Amino acid sequence: MVTPQLSVKAINKARQLSSGQARIPGVLAICLVHPGASALLGTLAAQWLMASEPRIRVPIRVSEEGSEPAQLITDLKYSVFLASEGGVIVQVRENISAILLVALWKRQLEVVGMLHLKPAAVFDYRTLPQVPVRRVGWPITSSINMEWVVGNLQARSVCYRKVELTTDELSGG
C-alpha cells in the first residue's frame with residue numbers, strides 16, 4: 001500500500017493547516033489521478049492511515065498450558081492521528097480535523113474521509129453526505145477500535161463537469 005507516502009504528505013501539510021484560524025477546521029484533501037487510484041485511496045487506505053498497517057504477532061514459545069493466540073498489532077509508525085509515547089497511545093496533529101482521500105477520474109471522483117479524534121476545530125462530517133468517514137474510538141484502552149460513521153464501505157462517487165475559463169476570466173476582467 002501507499003500508507004508511508006500518504007502519511008508523509010499529511011505530516012508535511014499539518015504545519016500549513018496550523019497557520020489558519022483556530023476555530024476553522026483544517027481539512028486536508030489528498031488527491032490522486034492514477035489508474036489504480038480507487039484501490040490506493042480507498043477504505044483500506046483510510047483504515048491504515050488512521051492506525052498504520054497491521055501486523056500479525058505469533059508467539060513462538062509454547063508453555064505447558066498451550067500456546068498464546070496470534071494477535072493483530074500495529075506500531076503506529078504511519079498513523080496520522082496517533083503516536084506511541086512511552087508505551088502510551090497519544091493524539092497528534094490536532095490541527096488536521098479531517099483528511100479526505102480523493103481518487104480523481106475524467107468525469108467523476110471517489111472520496112473517503114477520516115476524522116481526528118479530538119481536533120483543535122471539529123469538522124462536521126455531515127456536510128459531505130454519503131461519504132464513508134472513519135474515526136477511532138477514544139479513549140483507547142486495550143485495542144484501537146475504529147468505526148465508519150457515514151455511508152457504506154464504498155467510496156462516495158460524484159460526477160462533475162470540466163470547467164474552462166476564458167482568457168478574460170483568468171485575467172480578472
# chains A, B, ... in the order shown; residues from 1 in each chain; ligands from 1
>>> residues_around(residues="Ser84 (chain A)", least_positions_apart="6", cutoff="12 Å", atoms="only C-alpha atoms", output="VMD selection string")
chain A and resid 51 to 52 74 to 78 90 to 92 140
>>> write_last_selection(atoms="C-alpha atoms", output="PDB file, in the first residue's frame")
ATOM      1  CA  ALA A  51      -3.597   3.315  12.756  1.00  0.00           C
ATOM      2  CA  SER A  52      -0.786   2.199  10.406  1.00  0.00           C
ATOM      3  CA  THR A  74       0.337  -2.100  14.902  1.00  0.00           C
ATOM      4  CA  ASP A  75       3.309   0.128  15.636  1.00  0.00           C
ATOM      5  CA  LEU A  76       1.502   3.389  14.662  1.00  0.00           C
ATOM      6  CA  LYS A  77       4.548   4.248  12.540  1.00  0.00           C
ATOM      7  CA  TYR A  78       2.463   5.765   9.725  1.00  0.00           C
ATOM      8  CA  VAL A  90      -1.462   9.743  22.341  1.00  0.00           C
ATOM      9  CA  GLN A  91      -3.161  12.004  19.816  1.00  0.00           C
ATOM     10  CA  VAL A  92      -1.065  14.062  17.402  1.00  0.00           C
ATOM     11  CA  ILE A 140      -8.090   3.762  23.630  1.00  0.00           C
TER      12      ILE A 140
END
>>> select_by_dssp(residues="region 2-128 of chain A", states="helix (DSSP H, G or I)", output="ChimeraX atom specification")
/A:3-18,37-40,43-51,125-127
>>> write_last_selection(atoms="N, CA and C atoms", output="compact mmCIF listing (two decimals), in the first residue's frame")
# COMPACT_ATOMS: atom_id res chain seq x y z
N THR A 3 0.62 3.64 2.22
CA THR A 3 0.48 4.26 3.54
C THR A 3 1.65 5.16 3.91
N PRO A 4 2.90 4.75 3.73
CA PRO A 4 4.01 5.65 4.10
C PRO A 4 3.98 6.97 3.33
N GLN A 5 3.68 6.92 2.03
CA GLN A 5 3.64 8.14 1.23
C GLN A 5 2.48 9.04 1.65
N LEU A 6 1.32 8.46 1.93
CA LEU A 6 0.17 9.25 2.38
C LEU A 6 0.45 9.89 3.73
N SER A 7 1.08 9.14 4.61
CA SER A 7 1.41 9.65 5.94
C SER A 7 2.36 10.84 5.85
N VAL A 8 3.39 10.73 5.02
CA VAL A 8 4.34 11.82 4.85
C VAL A 8 3.65 13.06 4.29
N LYS A 9 2.76 12.88 3.33
CA LYS A 9 2.02 14.02 2.76
C LYS A 9 1.21 14.72 3.85
N ALA A 10 0.51 13.96 4.67
CA ALA A 10 -0.32 14.54 5.73
C ALA A 10 0.55 15.25 6.77
N ILE A 11 1.63 14.63 7.17
CA ILE A 11 2.52 15.23 8.18
C ILE A 11 3.12 16.53 7.66
N ASN A 12 3.52 16.55 6.38
CA ASN A 12 4.10 17.76 5.79
C ASN A 12 3.08 18.89 5.67
N LYS A 13 1.82 18.56 5.48
CA LYS A 13 0.78 19.58 5.34
C LYS A 13 0.23 20.05 6.69
N ALA A 14 0.51 19.32 7.75
CA ALA A 14 -0.01 19.67 9.08
C ALA A 14 0.40 21.07 9.49
N ARG A 15 1.62 21.45 9.21
CA ARG A 15 2.11 22.78 9.57
C ARG A 15 1.31 23.87 8.86
N GLN A 16 0.99 23.67 7.58
CA GLN A 16 0.21 24.64 6.83
C GLN A 16 -1.18 24.81 7.44
N LEU A 17 -1.79 23.71 7.85
CA LEU A 17 -3.13 23.78 8.42
C LEU A 17 -3.13 24.44 9.79
N SER A 18 -2.02 24.41 10.49
CA SER A 18 -1.96 25.01 11.81
C SER A 18 -1.86 26.53 11.74
N ALA A 37 -6.16 4.54 -8.62
CA ALA A 37 -6.46 5.50 -7.55
C ALA A 37 -7.53 4.99 -6.59
N SER A 38 -8.55 4.33 -7.09
CA SER A 38 -9.63 3.84 -6.21
C SER A 38 -9.11 2.84 -5.19
N ALA A 39 -8.21 1.98 -5.61
CA ALA A 39 -7.65 0.99 -4.69
C ALA A 39 -6.65 1.65 -3.74
N LEU A 40 -5.86 2.58 -4.25
CA LEU A 40 -4.81 3.20 -3.44
C LEU A 40 -5.37 4.18 -2.41
N THR A 43 -11.09 2.60 1.17
CA THR A 43 -11.40 2.43 2.59
C THR A 43 -10.26 1.75 3.36
N LEU A 44 -9.55 0.85 2.72
CA LEU A 44 -8.42 0.20 3.40
C LEU A 44 -7.30 1.21 3.65
N ALA A 45 -7.06 2.09 2.68
CA ALA A 45 -6.05 3.13 2.86
C ALA A 45 -6.43 4.04 4.03
N ALA A 46 -7.70 4.36 4.16
CA ALA A 46 -8.16 5.20 5.27
C ALA A 46 -7.90 4.51 6.60
N GLN A 47 -8.21 3.24 6.67
CA GLN A 47 -8.00 2.49 7.90
C GLN A 47 -6.52 2.43 8.27
N TRP A 48 -5.67 2.16 7.29
CA TRP A 48 -4.25 2.03 7.58
C TRP A 48 -3.60 3.37 7.86
N LEU A 49 -4.13 4.45 7.31
CA LEU A 49 -3.61 5.77 7.60
C LEU A 49 -4.01 6.22 9.01
N MET A 50 -5.10 5.69 9.51
CA MET A 50 -5.53 6.01 10.87
C MET A 50 -4.65 5.33 11.92
N ALA A 51 -4.31 4.06 11.71
CA ALA A 51 -3.60 3.32 12.76
C ALA A 51 -2.34 2.62 12.26
N TYR A 125 -18.71 16.26 9.62
CA TYR A 125 -18.65 15.30 8.51
C TYR A 125 -19.99 15.16 7.80
N ARG A 126 -21.07 15.61 8.42
CA ARG A 126 -22.40 15.50 7.79
C ARG A 126 -22.54 16.47 6.62
N THR A 127 -21.59 17.40 6.45
CA THR A 127 -21.63 18.29 5.29
C THR A 127 -21.27 17.55 4.00
>>> residues_around(residues="Gln130 (chain A)", least_positions_apart="2", cutoff="12 Å", atoms="only C-alpha atoms", output="list of chain:residue names")
A:Glu110, A:Val111, A:Val112, A:Gly113, A:Tyr125, A:Arg126, A:Thr127, A:Leu128, A:Pro132, A:Val133, A:Trp148, A:Val149, A:Val150, A:Gly151, A:Asn152, A:Leu153, A:Gln154, A:Ala155, A:Arg156, A:Ser157, A:Val158
>>> residues_around(residues="Ser97 (chain A)", least_positions_apart="4", cutoff="10 Å", atoms="only C-alpha atoms", output="NGL selection string")
:A and (17 or 24-28 or 81 or 93 or 114-125)
>>> closest_residue(among="A:Ala22, A:Arg61, A:Arg134, A:Gln71", to="Ala98 (chain A)", atoms="only C-alpha atoms")
A:Arg134
>>> atom_distance(atom1="CA of Cys31 (chain A)", atom2="CA of Val102 (chain A)")
4.6 Å
>>> select_by_dssp(residues="region 60-168 of chain A", states="strand (DSSP E)", output="PyMOL selection string")
chain A and resi 62-63+66-67+71-73+82-85+88-91+98-104+108-115+133-136+146-150+156-159
>>> closest_residue(among="A:Ile30, A:Val163, A:Ser142, A:Arg23", to="Gly87 (chain A)", atoms="only C-alpha atoms")
A:Ser142
>>> residues_around(residues="Pro69 (chain A)", least_positions_apart="2", cutoff="8 Å", atoms="only C-alpha atoms", output="PyMOL selection string")
chain A and resi 58-59+67+71
>>> write_last_selection(atoms="N, CA, C and O atoms", output="mmCIF file, in the first residue's frame")
data_model
loop_
_atom_site.group_PDB
_atom_site.id
_atom_site.type_symbol
_atom_site.label_atom_id
_atom_site.label_comp_id
_atom_site.auth_asym_id
_atom_site.auth_seq_id
_atom_site.Cartn_x
_atom_site.Cartn_y
_atom_site.Cartn_z
ATOM 1 N N VAL A 58 2.714 -13.746 16.176
ATOM 2 C CA VAL A 58 2.500 -15.155 16.506
ATOM 3 C C VAL A 58 3.563 -15.549 17.520
ATOM 4 O O VAL A 58 4.752 -15.569 17.202
ATOM 5 N N PRO A 59 3.152 -15.822 18.756
ATOM 6 C CA PRO A 59 4.135 -16.230 19.776
ATOM 7 C C PRO A 59 4.823 -17.532 19.387
ATOM 8 O O PRO A 59 4.192 -18.456 18.877
ATOM 9 N N SER A 67 -0.106 -22.707 23.610
ATOM 10 C CA SER A 67 0.485 -21.502 23.024
ATOM 11 C C SER A 67 -0.467 -20.319 23.171
ATOM 12 O O SER A 67 -1.675 -20.481 23.287
ATOM 13 N N GLN A 71 -2.011 -12.418 17.499
ATOM 14 C CA GLN A 71 -2.633 -11.110 17.710
ATOM 15 C C GLN A 71 -2.404 -10.209 16.507
ATOM 16 O O GLN A 71 -1.365 -10.287 15.860
#
>>> closest_residue(among="A:Ile73, A:Leu109, A:Asn95, A:Val33", to="Arg55 (chain A)", atoms="only C-alpha atoms")
A:Ile73
>>> atom_distance(atom1="CA of Ile144 (chain A)", atom2="CA of Glu53 (chain A)")
12.5 Å
>>> atom_distance(atom1="CA of Glu147 (chain A)", atom2="CA of Gln108 (chain A)")
26.2 Å
>>> decode(residues="region 137-172 of chain A", atoms="C-alpha atoms", output="PDB file, in the first residue's frame")
ATOM      1  CA  GLY A 137     -12.971   5.492  19.417  1.00  0.00           C
ATOM      2  CA  TRP A 138     -11.366   7.416  22.288  1.00  0.00           C
ATOM      3  CA  PRO A 139     -10.061   6.733  24.861  1.00  0.00           C
ATOM      4  CA  ILE A 140      -8.090   3.762  23.630  1.00  0.00           C
ATOM      5  CA  THR A 141      -7.938   1.020  26.207  1.00  0.00           C
ATOM      6  CA  SER A 142      -6.574  -2.381  25.224  1.00  0.00           C
ATOM      7  CA  SER A 143      -7.149  -2.107  21.464  1.00  0.00           C
ATOM      8  CA  ILE A 144      -7.768   0.508  18.790  1.00  0.00           C
ATOM      9  CA  ASN A 145     -11.417   0.459  17.778  1.00  0.00           C
ATOM     10  CA  MET A 146     -12.422   2.140  14.527  1.00  0.00           C
ATOM     11  CA  GLU A 147     -15.840   2.676  13.016  1.00  0.00           C
ATOM     12  CA  TRP A 148     -17.435   4.059   9.868  1.00  0.00           C
ATOM     13  CA  VAL A 149     -19.765   6.910  10.835  1.00  0.00           C
ATOM     14  CA  VAL A 150     -21.314   7.779   7.462  1.00  0.00           C
ATOM     15  CA  GLY A 151     -22.148   5.829   4.384  1.00  0.00           C
ATOM     16  CA  ASN A 152     -21.286   2.305   3.496  1.00  0.00           C
ATOM     17  CA  LEU A 153     -17.906   0.804   2.782  1.00  0.00           C
ATOM     18  CA  GLN A 154     -17.850   2.070  -0.801  1.00  0.00           C
ATOM     19  CA  ALA A 155     -16.147   5.347  -1.625  1.00  0.00           C
ATOM     20  CA  ARG A 156     -18.643   8.080  -2.490  1.00  0.00           C
ATOM     21  CA  SER A 157     -18.655   8.605  -6.259  1.00  0.00           C
ATOM     22  CA  VAL A 158     -19.532  12.082  -7.535  1.00  0.00           C
ATOM     23  CA  CYS A 159     -19.791  13.111 -11.201  1.00  0.00           C
ATOM     24  CA  TYR A 160     -18.609  16.525 -12.339  1.00  0.00           C
ATOM     25  CA  ARG A 161     -18.147  18.614 -15.462  1.00  0.00           C
ATOM     26  CA  LYS A 162     -14.957  20.165 -16.680  1.00  0.00           C
ATOM     27  CA  VAL A 163     -14.899  23.946 -16.239  1.00  0.00           C
ATOM     28  CA  GLU A 164     -12.901  26.057 -18.656  1.00  0.00           C
ATOM     29  CA  LEU A 165     -12.223  29.731 -18.045  1.00  0.00           C
ATOM     30  CA  THR A 166     -11.699  32.226 -20.829  1.00  0.00           C
ATOM     31  CA  THR A 167      -8.543  34.331 -21.021  1.00  0.00           C
ATOM     32  CA  ASP A 168     -10.594  37.340 -19.911  1.00  0.00           C
ATOM     33  CA  GLU A 169     -11.901  35.471 -16.843  1.00  0.00           C
ATOM     34  CA  LEU A 170      -8.397  34.321 -15.964  1.00  0.00           C
ATOM     35  CA  SER A 171      -7.049  37.871 -16.092  1.00  0.00           C
ATOM     36  CA  GLY A 172      -9.783  39.088 -13.731  1.00  0.00           C
TER      37      GLY A 172
END
